[in-house]
Amino acid sequence: MNAIVGLALRILMFVCLYAFLGMAVWLLWKSISGSMLRRGIIAIPTLTLATTIDDEQVIRTFTSSEVTIGRNLDSDLILKDETVSGRHGRMTYRLNQWWYEDLKSTNGSWLDDLKIEEPIVIKDNDTIYCGDAFFKIYIKPID
């Protein structure tokens, strides 16, 4: 009888251990994937992008965790310049930082003098060049 109880307790212990490890991995994956950002649990710093279009200063402010840049009308920041691709770049907030990623655009993206070939962390007062167009980045810290 004691052997059966001991075996049952060992099996129960292994089930609890694997359930705990599974829950820990699942929570870590959800945290990294940004689901908490989309639900509004984590505060996102306000992102302001300033550019000049047709000799007019354009300023757009964003509070979402993803901002798209390009010539397409469904882009969040539309740059009316022939050197800008339809889907030129994307800015995402993850790991408590804003990141810029070039979406395989024809003329590329640049952070000051650095060609952006993989996602890169951006900061306040950076300037991103998309082809011949550019925009200035302002990030308001969370209070």
# chains A, B, ... in the order shown; residues from 1 in each chain; ligands from 1

$ select_by_dssp --residues "range 16-121 of chain A" --states "alpha helix (DSSP H)" --output "list in words"
Cys16, Leu17, Tyr18, Ala19, Phe20, Leu21, Gly22, Met23, Ala24, Val25, Trp26, Leu27, Leu28, Trp29, Lys30, Ser31, Ile32, Ser33, Ser35, Met36, Leu37 and Arg38 of chain A

$ select_by_dssp --residues "range 2-137 of chain A" --states "strand (DSSP E)" --output "short mmCIF file (atom, residue, chain, number, x, y, z; two decimals) with all heavy atoms, in the first residue's frame"
data_model
loop_
_atom_site.label_atom_id
_atom_site.label_comp_id
_atom_site.auth_asym_id
_atom_site.auth_seq_id
_atom_site.Cartn_x
_atom_site.Cartn_y
_atom_site.Cartn_z
N THR A 46 4.62 58.02 -25.75
CA THR A 46 4.05 58.68 -26.92
C THR A 46 5.14 58.95 -27.95
O THR A 46 6.21 59.45 -27.63
CB THR A 46 3.38 60.01 -26.51
OG1 THR A 46 2.40 59.73 -25.52
CG2 THR A 46 2.75 60.70 -27.69
N LEU A 47 4.85 58.59 -29.19
CA LEU A 47 5.78 58.76 -30.30
C LEU A 47 5.25 59.86 -31.20
O LEU A 47 4.11 59.81 -31.66
CB LEU A 47 5.90 57.44 -31.07
CG LEU A 47 6.81 57.44 -32.28
CD1 LEU A 47 8.27 57.54 -31.83
CD2 LEU A 47 6.61 56.17 -33.09
N THR A 48 6.08 60.87 -31.45
CA THR A 48 5.71 61.95 -32.36
C THR A 48 6.69 61.97 -33.51
O THR A 48 7.91 61.95 -33.30
CB THR A 48 5.72 63.31 -31.62
OG1 THR A 48 4.82 63.23 -30.51
CG2 THR A 48 5.30 64.44 -32.54
N LEU A 49 6.14 62.00 -34.74
CA LEU A 49 6.97 62.04 -35.94
C LEU A 49 6.69 63.34 -36.67
O LEU A 49 5.53 63.70 -36.90
CB LEU A 49 6.66 60.84 -36.84
CG LEU A 49 6.77 59.47 -36.19
CD1 LEU A 49 6.38 58.37 -37.17
CD2 LEU A 49 8.17 59.24 -35.66
N ALA A 50 7.74 64.06 -37.01
CA ALA A 50 7.60 65.35 -37.69
C ALA A 50 8.33 65.28 -39.03
O ALA A 50 9.47 64.82 -39.10
CB ALA A 50 8.18 66.47 -36.84
N THR A 51 7.66 65.73 -40.09
CA THR A 51 8.25 65.75 -41.42
C THR A 51 7.71 66.94 -42.19
O THR A 51 6.81 67.66 -41.73
CB THR A 51 7.96 64.43 -42.17
OG1 THR A 51 8.69 64.41 -43.39
CG2 THR A 51 6.48 64.26 -42.45
N THR A 52 8.25 67.15 -43.37
CA THR A 52 7.78 68.21 -44.25
C THR A 52 7.23 67.57 -45.52
O THR A 52 7.95 66.80 -46.18
CB THR A 52 8.91 69.18 -44.61
OG1 THR A 52 9.46 69.70 -43.39
CG2 THR A 52 8.41 70.33 -45.47
N ILE A 53 5.97 67.86 -45.84
CA ILE A 53 5.34 67.34 -47.05
C ILE A 53 4.78 68.52 -47.82
O ILE A 53 3.98 69.28 -47.29
CB ILE A 53 4.22 66.33 -46.70
CG1 ILE A 53 4.80 65.15 -45.93
CG2 ILE A 53 3.51 65.87 -47.96
CD1 ILE A 53 3.78 64.15 -45.44
N GLU A 56 5.06 71.86 -46.25
CA GLU A 56 4.21 72.05 -45.08
C GLU A 56 4.68 71.12 -43.96
O GLU A 56 4.92 69.93 -44.19
CB GLU A 56 2.75 71.73 -45.43
CG GLU A 56 1.79 71.95 -44.30
CD GLU A 56 0.36 71.66 -44.74
OE1 GLU A 56 0.00 71.95 -45.90
OE2 GLU A 56 -0.39 71.13 -43.90
N GLN A 57 4.83 71.67 -42.75
CA GLN A 57 5.25 70.87 -41.60
C GLN A 57 4.11 69.95 -41.18
O GLN A 57 2.98 70.39 -40.95
CB GLN A 57 5.64 71.79 -40.44
CG GLN A 57 6.09 71.08 -39.21
CD GLN A 57 7.53 70.58 -39.30
OE1 GLN A 57 8.24 70.91 -40.22
NE2 GLN A 57 7.92 69.78 -38.35
N VAL A 58 4.37 68.64 -41.11
CA VAL A 58 3.37 67.65 -40.70
C VAL A 58 3.86 66.97 -39.44
O VAL A 58 4.99 66.47 -39.40
CB VAL A 58 3.14 66.60 -41.82
CG1 VAL A 58 2.19 65.53 -41.35
CG2 VAL A 58 2.63 67.27 -43.08
N ILE A 59 3.02 66.96 -38.41
CA ILE A 59 3.37 66.33 -37.14
C ILE A 59 2.27 65.34 -36.79
O ILE A 59 1.09 65.68 -36.76
CB ILE A 59 3.51 67.38 -36.01
CG1 ILE A 59 4.64 68.35 -36.36
CG2 ILE A 59 3.75 66.70 -34.67
CD1 ILE A 59 4.77 69.51 -35.41
N ARG A 60 2.68 64.09 -36.55
CA ARG A 60 1.73 63.04 -36.18
C ARG A 60 2.17 62.44 -34.84
O ARG A 60 3.34 62.17 -34.63
CB ARG A 60 1.71 61.92 -37.22
CG ARG A 60 1.30 62.34 -38.60
CD ARG A 60 -0.22 62.37 -38.74
NE ARG A 60 -0.61 62.58 -40.11
CZ ARG A 60 -0.85 63.76 -40.65
NH1 ARG A 60 -0.72 64.83 -39.92
NH2 ARG A 60 -1.22 63.88 -41.90
N THR A 61 1.20 62.23 -33.96
CA THR A 61 1.46 61.64 -32.65
C THR A 61 0.78 60.28 -32.57
O THR A 61 -0.37 60.13 -32.99
CB THR A 61 0.94 62.57 -31.54
OG1 THR A 61 1.60 63.83 -31.67
CG2 THR A 61 1.24 62.01 -30.17
N PHE A 62 1.50 59.29 -32.04
CA PHE A 62 1.01 57.92 -31.96
C PHE A 62 1.13 57.38 -30.54
O PHE A 62 2.11 57.65 -29.86
CB PHE A 62 1.80 57.01 -32.92
CG PHE A 62 1.78 57.48 -34.34
CD1 PHE A 62 2.83 58.23 -34.85
CD2 PHE A 62 0.72 57.17 -35.17
CE1 PHE A 62 2.81 58.67 -36.16
CE2 PHE A 62 0.70 57.60 -36.49
CZ PHE A 62 1.74 58.35 -36.98
N GLU A 66 2.64 49.98 -32.70
CA GLU A 66 3.20 49.80 -34.04
C GLU A 66 2.78 50.96 -34.95
O GLU A 66 1.62 51.35 -34.96
CB GLU A 66 2.72 48.48 -34.64
CG GLU A 66 3.34 48.19 -35.98
CD GLU A 66 2.97 46.80 -36.49
OE1 GLU A 66 3.12 45.83 -35.74
OE2 GLU A 66 2.53 46.73 -37.65
N VAL A 67 3.76 51.48 -35.70
CA VAL A 67 3.52 52.59 -36.62
C VAL A 67 4.17 52.22 -37.95
O VAL A 67 5.35 51.87 -37.99
CB VAL A 67 4.12 53.90 -36.08
CG1 VAL A 67 3.95 55.04 -37.08
CG2 VAL A 67 3.52 54.27 -34.74
N THR A 68 3.39 52.29 -39.04
CA THR A 68 3.94 51.99 -40.36
C THR A 68 4.21 53.28 -41.12
O THR A 68 3.49 54.26 -40.98
CB THR A 68 2.98 51.11 -41.18
OG1 THR A 68 1.71 51.76 -41.27
CG2 THR A 68 2.81 49.75 -40.54
N ILE A 69 5.27 53.24 -41.94
CA ILE A 69 5.69 54.40 -42.73
C ILE A 69 5.78 53.97 -44.18
O ILE A 69 6.29 52.89 -44.49
CB ILE A 69 7.06 54.92 -42.24
CG1 ILE A 69 6.94 55.48 -40.81
CG2 ILE A 69 7.59 56.01 -43.15
CD1 ILE A 69 7.58 54.66 -39.80
N GLY A 70 5.27 54.82 -45.07
CA GLY A 70 5.35 54.51 -46.49
C GLY A 70 4.49 55.43 -47.33
O GLY A 70 3.94 56.40 -46.83
N LEU A 77 2.10 56.90 -41.19
CA LEU A 77 2.76 58.14 -41.62
C LEU A 77 2.99 58.02 -43.12
O LEU A 77 3.78 57.20 -43.57
CB LEU A 77 4.09 58.36 -40.90
CG LEU A 77 4.86 59.61 -41.32
CD1 LEU A 77 4.08 60.87 -40.92
CD2 LEU A 77 6.24 59.62 -40.70
N ILE A 78 2.26 58.80 -43.88
CA ILE A 78 2.34 58.75 -45.35
C ILE A 78 3.36 59.78 -45.81
O ILE A 78 3.23 60.97 -45.53
CB ILE A 78 0.96 59.04 -45.99
CG1 ILE A 78 -0.05 58.01 -45.49
CG2 ILE A 78 1.07 59.04 -47.50
CD1 ILE A 78 -1.49 58.33 -45.86
N GLY A 89 8.82 51.27 -43.99
CA GLY A 89 9.37 50.90 -42.69
C GLY A 89 8.29 50.76 -41.64
O GLY A 89 7.14 51.12 -41.86
N ARG A 90 8.72 50.21 -40.50
CA ARG A 90 7.78 50.02 -39.40
C ARG A 90 8.51 50.32 -38.09
O ARG A 90 9.66 49.93 -37.90
CB ARG A 90 7.28 48.58 -39.40
CG ARG A 90 6.44 48.22 -38.21
CD ARG A 90 5.90 46.80 -38.23
NE ARG A 90 6.90 45.83 -38.60
CZ ARG A 90 6.69 44.85 -39.49
NH1 ARG A 90 5.52 44.75 -40.09
NH2 ARG A 90 7.63 43.99 -39.77
N MET A 91 7.81 50.99 -37.19
CA MET A 91 8.33 51.25 -35.86
C MET A 91 7.47 50.46 -34.88
O MET A 91 6.24 50.50 -34.96
CB MET A 91 8.26 52.74 -35.55
CG MET A 91 9.07 53.55 -36.55
SD MET A 91 8.85 55.32 -36.33
CE MET A 91 9.87 55.57 -34.93
N THR A 92 8.13 49.72 -33.97
CA THR A 92 7.40 48.94 -32.99
C THR A 92 7.98 49.19 -31.61
O THR A 92 9.18 49.44 -31.47
CB THR A 92 7.48 47.42 -33.30
OG1 THR A 92 8.84 47.05 -33.45
CG2 THR A 92 6.72 47.07 -34.54
N TYR A 93 7.10 49.12 -30.62
CA TYR A 93 7.54 49.26 -29.24
C TYR A 93 7.58 47.88 -28.63
O TYR A 93 6.57 47.20 -28.48
CB TYR A 93 6.58 50.16 -28.45
CG TYR A 93 7.07 50.45 -27.06
CD1 TYR A 93 8.13 51.32 -26.86
CD2 TYR A 93 6.51 49.84 -25.95
CE1 TYR A 93 8.60 51.59 -25.58
CE2 TYR A 93 6.96 50.09 -24.68
CZ TYR A 93 8.01 50.98 -24.50
OH TYR A 93 8.48 51.23 -23.23
N ARG A 94 8.78 47.43 -28.29
CA ARG A 94 8.95 46.13 -27.65
C ARG A 94 10.21 46.17 -26.78
O ARG A 94 11.12 46.96 -27.05
CB ARG A 94 9.01 45.00 -28.66
CG ARG A 94 10.16 45.05 -29.62
CD ARG A 94 10.10 43.86 -30.60
NE ARG A 94 11.27 43.79 -31.40
CZ ARG A 94 11.45 44.38 -32.56
NH1 ARG A 94 10.47 45.10 -33.08
NH2 ARG A 94 12.57 44.25 -33.23
N GLN A 97 11.49 49.58 -25.57
CA GLN A 97 12.20 50.49 -26.47
C GLN A 97 11.43 50.59 -27.78
O GLN A 97 10.74 49.67 -28.18
CB GLN A 97 13.62 49.98 -26.78
CG GLN A 97 14.51 49.90 -25.58
CD GLN A 97 15.85 49.25 -25.90
OE1 GLN A 97 15.90 48.26 -26.62
NE2 GLN A 97 16.91 49.82 -25.39
N TRP A 98 11.61 51.72 -28.46
CA TRP A 98 11.08 51.86 -29.81
C TRP A 98 12.12 51.34 -30.79
O TRP A 98 13.31 51.64 -30.67
CB TRP A 98 10.76 53.33 -30.13
CG TRP A 98 9.42 53.75 -29.62
CD1 TRP A 98 9.16 54.49 -28.52
CD2 TRP A 98 8.16 53.42 -30.21
NE1 TRP A 98 7.80 54.65 -28.37
CE2 TRP A 98 7.17 54.01 -29.40
CE3 TRP A 98 7.76 52.70 -31.33
CZ2 TRP A 98 5.81 53.90 -29.68
CZ3 TRP A 98 6.41 52.58 -31.60
CH2 TRP A 98 5.45 53.18 -30.78
N TRP A 99 11.69 50.56 -31.76
CA TRP A 99 12.55 49.97 -32.78
C TRP A 99 12.08 50.41 -34.16
O TRP A 99 10.88 50.55 -34.40
CB TRP A 99 12.49 48.44 -32.72
CG TRP A 99 13.04 47.86 -31.48
CD1 TRP A 99 12.49 47.90 -30.22
CD2 TRP A 99 14.26 47.13 -31.33
NE1 TRP A 99 13.28 47.24 -29.32
CE2 TRP A 99 14.38 46.75 -29.97
CE3 TRP A 99 15.25 46.74 -32.22
CZ2 TRP A 99 15.44 46.01 -29.50
CZ3 TRP A 99 16.31 46.00 -31.74
CH2 TRP A 99 16.41 45.65 -30.40
N TYR A 100 13.02 50.61 -35.08
CA TYR A 100 12.69 50.88 -36.49
C TYR A 100 13.20 49.72 -37.32
O TYR A 100 14.32 49.25 -37.14
CB TYR A 100 13.32 52.19 -36.98
CG TYR A 100 12.97 52.45 -38.43
CD1 TYR A 100 11.79 53.11 -38.76
CD2 TYR A 100 13.79 52.02 -39.47
CE1 TYR A 100 11.44 53.33 -40.07
CE2 TYR A 100 13.44 52.24 -40.78
CZ TYR A 100 12.26 52.89 -41.08
OH TYR A 100 11.92 53.10 -42.40
N GLU A 101 12.37 49.29 -38.28
CA GLU A 101 12.73 48.20 -39.17
C GLU A 101 12.42 48.60 -40.60
O GLU A 101 11.31 49.06 -40.90
CB GLU A 101 11.91 46.96 -38.78
CG GLU A 101 12.08 45.79 -39.69
CD GLU A 101 11.16 44.64 -39.32
OE1 GLU A 101 10.29 44.80 -38.45
OE2 GLU A 101 11.33 43.57 -39.91
N ASP A 102 13.39 48.46 -41.48
CA ASP A 102 13.17 48.71 -42.91
C ASP A 102 12.48 47.47 -43.48
O ASP A 102 12.90 46.35 -43.23
CB ASP A 102 14.51 48.94 -43.61
CG ASP A 102 14.31 49.30 -45.07
OD1 ASP A 102 14.00 50.47 -45.35
OD2 ASP A 102 14.46 48.39 -45.92
N SER A 109 16.55 52.64 -45.77
CA SER A 109 16.32 53.57 -44.67
C SER A 109 17.65 53.84 -43.98
O SER A 109 18.52 52.96 -43.93
CB SER A 109 15.34 52.98 -43.65
OG SER A 109 14.08 52.74 -44.23
N TRP A 110 17.78 55.04 -43.45
CA TRP A 110 19.03 55.46 -42.81
C TRP A 110 18.72 56.13 -41.49
O TRP A 110 17.75 56.88 -41.37
CB TRP A 110 19.78 56.44 -43.70
CG TRP A 110 20.10 55.88 -45.04
CD1 TRP A 110 19.25 55.74 -46.11
CD2 TRP A 110 21.35 55.35 -45.47
NE1 TRP A 110 19.91 55.17 -47.17
CE2 TRP A 110 21.19 54.92 -46.81
CE3 TRP A 110 22.58 55.20 -44.86
CZ2 TRP A 110 22.22 54.35 -47.52
CZ3 TRP A 110 23.62 54.64 -45.58
CH2 TRP A 110 23.43 54.22 -46.90
N LEU A 111 19.53 55.86 -40.48
CA LEU A 111 19.48 56.56 -39.21
C LEU A 111 20.73 57.42 -39.18
O LEU A 111 21.83 56.92 -38.99
CB LEU A 111 19.48 55.57 -38.03
CG LEU A 111 19.58 56.17 -36.63
CD1 LEU A 111 18.39 57.09 -36.35
CD2 LEU A 111 19.67 55.10 -35.60
N LEU A 114 23.89 55.96 -40.78
CA LEU A 114 23.93 54.51 -40.67
C LEU A 114 22.79 53.89 -41.47
O LEU A 114 21.62 54.17 -41.23
CB LEU A 114 23.80 54.11 -39.19
CG LEU A 114 23.74 52.63 -38.87
CD1 LEU A 114 25.08 51.96 -39.19
CD2 LEU A 114 23.38 52.43 -37.42
N LYS A 115 23.14 53.03 -42.44
CA LYS A 115 22.11 52.32 -43.22
C LYS A 115 21.47 51.27 -42.32
O LYS A 115 22.15 50.51 -41.65
CB LYS A 115 22.72 51.66 -44.44
CG LYS A 115 21.68 50.96 -45.31
CD LYS A 115 22.27 50.57 -46.63
CE LYS A 115 21.32 49.79 -47.50
NZ LYS A 115 20.07 50.38 -47.79
N ILE A 120 16.53 48.29 -35.50
CA ILE A 120 17.47 49.09 -34.72
C ILE A 120 16.69 49.90 -33.69
O ILE A 120 15.57 50.35 -33.95
CB ILE A 120 18.30 50.00 -35.64
CG1 ILE A 120 19.42 50.69 -34.88
CG2 ILE A 120 17.43 50.99 -36.38
CD1 ILE A 120 20.42 51.39 -35.79
N VAL A 121 17.28 50.08 -32.52
CA VAL A 121 16.66 50.89 -31.47
C VAL A 121 16.77 52.36 -31.85
O VAL A 121 17.83 52.82 -32.29
CB VAL A 121 17.34 50.63 -30.11
CG1 VAL A 121 16.79 51.57 -29.04
CG2 VAL A 121 17.17 49.19 -29.69
N ILE A 122 15.67 53.09 -31.69
CA ILE A 122 15.69 54.53 -31.96
C ILE A 122 15.43 55.27 -30.66
O ILE A 122 14.85 54.72 -29.72
CB ILE A 122 14.64 54.91 -33.03
CG1 ILE A 122 13.26 54.42 -32.61
CG2 ILE A 122 15.05 54.39 -34.39
CD1 ILE A 122 12.16 54.84 -33.52
N THR A 127 16.79 61.09 -36.43
CA THR A 127 16.21 61.39 -37.73
C THR A 127 16.34 60.15 -38.61
O THR A 127 17.43 59.60 -38.74
CB THR A 127 16.92 62.58 -38.40
OG1 THR A 127 16.83 63.71 -37.53
CG2 THR A 127 16.29 62.91 -39.74
N ILE A 128 15.22 59.72 -39.19
CA ILE A 128 15.20 58.58 -40.11
C ILE A 128 15.00 59.11 -41.52
O ILE A 128 14.12 59.93 -41.77
CB ILE A 128 14.05 57.60 -39.76
CG1 ILE A 128 14.20 57.06 -38.35
CG2 ILE A 128 13.97 56.49 -40.79
CD1 ILE A 128 15.21 55.98 -38.17
N TYR A 129 15.83 58.64 -42.44
CA TYR A 129 15.73 58.99 -43.86
C TYR A 129 15.18 57.80 -44.61
O TYR A 129 15.71 56.70 -44.53
CB TYR A 129 17.10 59.38 -44.41
CG TYR A 129 17.66 60.62 -43.78
CD1 TYR A 129 18.41 60.55 -42.61
CD2 TYR A 129 17.42 61.87 -44.34
CE1 TYR A 129 18.92 61.69 -42.02
CE2 TYR A 129 17.93 63.02 -43.74
CZ TYR A 129 18.66 62.92 -42.59
OH TYR A 129 19.17 64.05 -41.99
N CYS A 130 14.11 58.01 -45.35
CA CYS A 130 13.50 56.99 -46.20
C CYS A 130 13.63 57.49 -47.63
O CYS A 130 12.87 58.36 -48.06
CB CYS A 130 12.03 56.79 -45.86
SG CYS A 130 11.73 56.25 -44.17
N ALA A 133 13.13 61.31 -48.49
CA ALA A 133 12.28 61.89 -47.44
C ALA A 133 12.88 61.57 -46.07
O ALA A 133 13.68 60.65 -45.92
CB ALA A 133 10.87 61.32 -47.54
N PHE A 134 12.50 62.36 -45.10
CA PHE A 134 12.99 62.12 -43.74
C PHE A 134 11.95 62.56 -42.73
O PHE A 134 11.03 63.32 -43.04
CB PHE A 134 14.31 62.85 -43.47
CG PHE A 134 14.19 64.34 -43.44
CD1 PHE A 134 13.97 64.99 -42.25
CD2 PHE A 134 14.27 65.09 -44.61
CE1 PHE A 134 13.83 66.36 -42.20
CE2 PHE A 134 14.14 66.46 -44.58
CZ PHE A 134 13.92 67.11 -43.38
N PHE A 135 12.08 62.04 -41.52
CA PHE A 135 11.23 62.49 -40.43
C PHE A 135 12.03 62.46 -39.14
O PHE A 135 12.95 61.68 -38.96
CB PHE A 135 9.94 61.66 -40.31
CG PHE A 135 10.15 60.19 -40.12
CD1 PHE A 135 10.25 59.64 -38.86
CD2 PHE A 135 10.23 59.35 -41.22
CE1 PHE A 135 10.44 58.29 -38.69
CE2 PHE A 135 10.41 57.99 -41.06
CZ PHE A 135 10.52 57.46 -39.79
N LYS A 136 11.67 63.35 -38.25
CA LYS A 136 12.31 63.50 -36.94
C LYS A 136 11.46 62.77 -35.91
O LYS A 136 10.24 62.78 -35.98
CB LYS A 136 12.42 64.99 -36.61
CG LYS A 136 13.21 65.30 -35.40
CD LYS A 136 14.65 65.47 -35.74
CE LYS A 136 15.37 66.04 -34.51
NZ LYS A 136 16.78 65.94 -34.63
N ILE A 137 12.12 62.14 -34.96
CA ILE A 137 11.45 61.34 -33.94
C ILE A 137 11.52 62.04 -32.59
O ILE A 137 12.60 62.47 -32.17
CB ILE A 137 12.11 59.95 -33.82
CG1 ILE A 137 12.01 59.22 -35.15
CG2 ILE A 137 11.50 59.14 -32.69
CD1 ILE A 137 12.89 58.01 -35.24
#

$ residues_around --residues "Asp54 in chain A" --least-positions-apart "5" --cutoff "12 Å" --atoms "only C-alpha atoms" --output "ChimeraX atom specification"
/A:79-81,133

$ atom_distance --atom1 "CA of Ile116 in chain A" --atom2 "CA of Lys104 in chain A"
10.1 Å

$ closest_residue --among "A:Asp74, A:Ser105, A:Tyr138, A:Asp112" --to "Asp124 in chain A" --atoms "only C-alpha atoms"
A:Tyr138

$ atom_distance --atom1 "CA of Asn107 in chain A" --atom2 "CA of Asp126 in chain A"
19.3 Å

$ decode --residues "range 112-139 of chain A" --atoms "N, CA and C atoms" --output "CSV table (one decimal), in the first residue's frame"
chain,number,residue,atom,x,y,z
A,112,ASP,N,20.5,58.7,-39.4
A,112,ASP,CA,21.6,59.6,-39.6
A,112,ASP,C,22.5,59.1,-40.8
A,113,ASP,N,23.8,58.7,-40.5
A,113,ASP,CA,24.7,58.2,-41.5
A,113,ASP,C,24.7,56.6,-41.6
A,114,LEU,N,23.9,56.0,-40.8
A,114,LEU,CA,23.9,54.5,-40.7
A,114,LEU,C,22.8,53.9,-41.5
A,115,LYS,N,23.1,53.0,-42.4
A,115,LYS,CA,22.1,52.3,-43.2
A,115,LYS,C,21.5,51.3,-42.3
A,116,ILE,N,20.1,51.2,-42.3
A,116,ILE,CA,19.4,50.3,-41.5
A,116,ILE,C,19.2,49.0,-42.2
A,117,GLU,N,19.8,48.0,-41.8
A,117,GLU,CA,19.7,46.7,-42.5
A,117,GLU,C,19.0,45.6,-41.6
A,118,GLU,N,18.8,45.9,-40.4
A,118,GLU,CA,18.1,45.1,-39.4
A,118,GLU,C,17.4,46.0,-38.4
A,119,PRO,N,16.4,45.5,-37.7
A,119,PRO,CA,15.8,46.3,-36.7
A,119,PRO,C,16.8,47.0,-35.8
A,120,ILE,N,16.5,48.3,-35.5
A,120,ILE,CA,17.5,49.1,-34.7
A,120,ILE,C,16.7,49.9,-33.7
A,121,VAL,N,17.3,50.1,-32.5
A,121,VAL,CA,16.7,50.9,-31.5
A,121,VAL,C,16.8,52.4,-31.8
A,122,ILE,N,15.7,53.1,-31.7
A,122,ILE,CA,15.7,54.5,-32.0
A,122,ILE,C,15.4,55.3,-30.7
A,123,LYS,N,15.9,56.5,-30.6
A,123,LYS,CA,15.7,57.3,-29.4
A,123,LYS,C,15.2,58.7,-29.8
A,124,ASP,N,14.9,59.5,-28.8
A,124,ASP,CA,14.4,60.8,-28.9
A,124,ASP,C,15.4,61.7,-29.7
A,125,ASN,N,14.9,62.5,-30.7
A,125,ASN,CA,15.7,63.4,-31.5
A,125,ASN,C,16.5,62.7,-32.6
A,126,ASP,N,16.2,61.4,-32.9
A,126,ASP,CA,16.8,60.7,-34.0
A,126,ASP,C,16.1,61.2,-35.3
A,127,THR,N,16.8,61.1,-36.4
A,127,THR,CA,16.2,61.4,-37.7
A,127,THR,C,16.3,60.2,-38.6
A,128,ILE,N,15.2,59.7,-39.2
A,128,ILE,CA,15.2,58.6,-40.1
A,128,ILE,C,15.0,59.1,-41.5
A,129,TYR,N,15.8,58.6,-42.4
A,129,TYR,CA,15.7,59.0,-43.9
A,129,TYR,C,15.2,57.8,-44.6
A,130,CYS,N,14.1,58.0,-45.3
A,130,CYS,CA,13.5,57.0,-46.2
A,130,CYS,C,13.6,57.5,-47.6
A,131,GLY,N,14.6,56.9,-48.4
A,131,GLY,CA,14.9,57.5,-49.7
A,131,GLY,C,15.3,58.9,-49.5
A,132,ASP,N,14.7,59.9,-50.2
A,132,ASP,CA,15.0,61.3,-50.1
A,132,ASP,C,14.2,62.0,-49.0
A,133,ALA,N,13.1,61.3,-48.5
A,133,ALA,CA,12.3,61.9,-47.4
A,133,ALA,C,12.9,61.6,-46.1
A,134,PHE,N,12.5,62.4,-45.1
A,134,PHE,CA,13.0,62.1,-43.7
A,134,PHE,C,11.9,62.6,-42.7
A,135,PHE,N,12.1,62.0,-41.5
A,135,PHE,CA,11.2,62.5,-40.4
A,135,PHE,C,12.0,62.5,-39.1
A,136,LYS,N,11.7,63.4,-38.3
A,136,LYS,CA,12.3,63.5,-36.9
A,136,LYS,C,11.5,62.8,-35.9
A,137,ILE,N,12.1,62.1,-35.0
A,137,ILE,CA,11.5,61.3,-33.9
A,137,ILE,C,11.5,62.0,-32.6
A,138,TYR,N,10.4,62.1,-31.9
A,138,TYR,CA,10.3,62.7,-30.6
A,138,TYR,C,9.6,61.6,-29.7
A,139,ILE,N,10.2,61.2,-28.6
A,139,ILE,CA,9.6,60.2,-27.7
A,139,ILE,C,9.4,60.9,-26.4
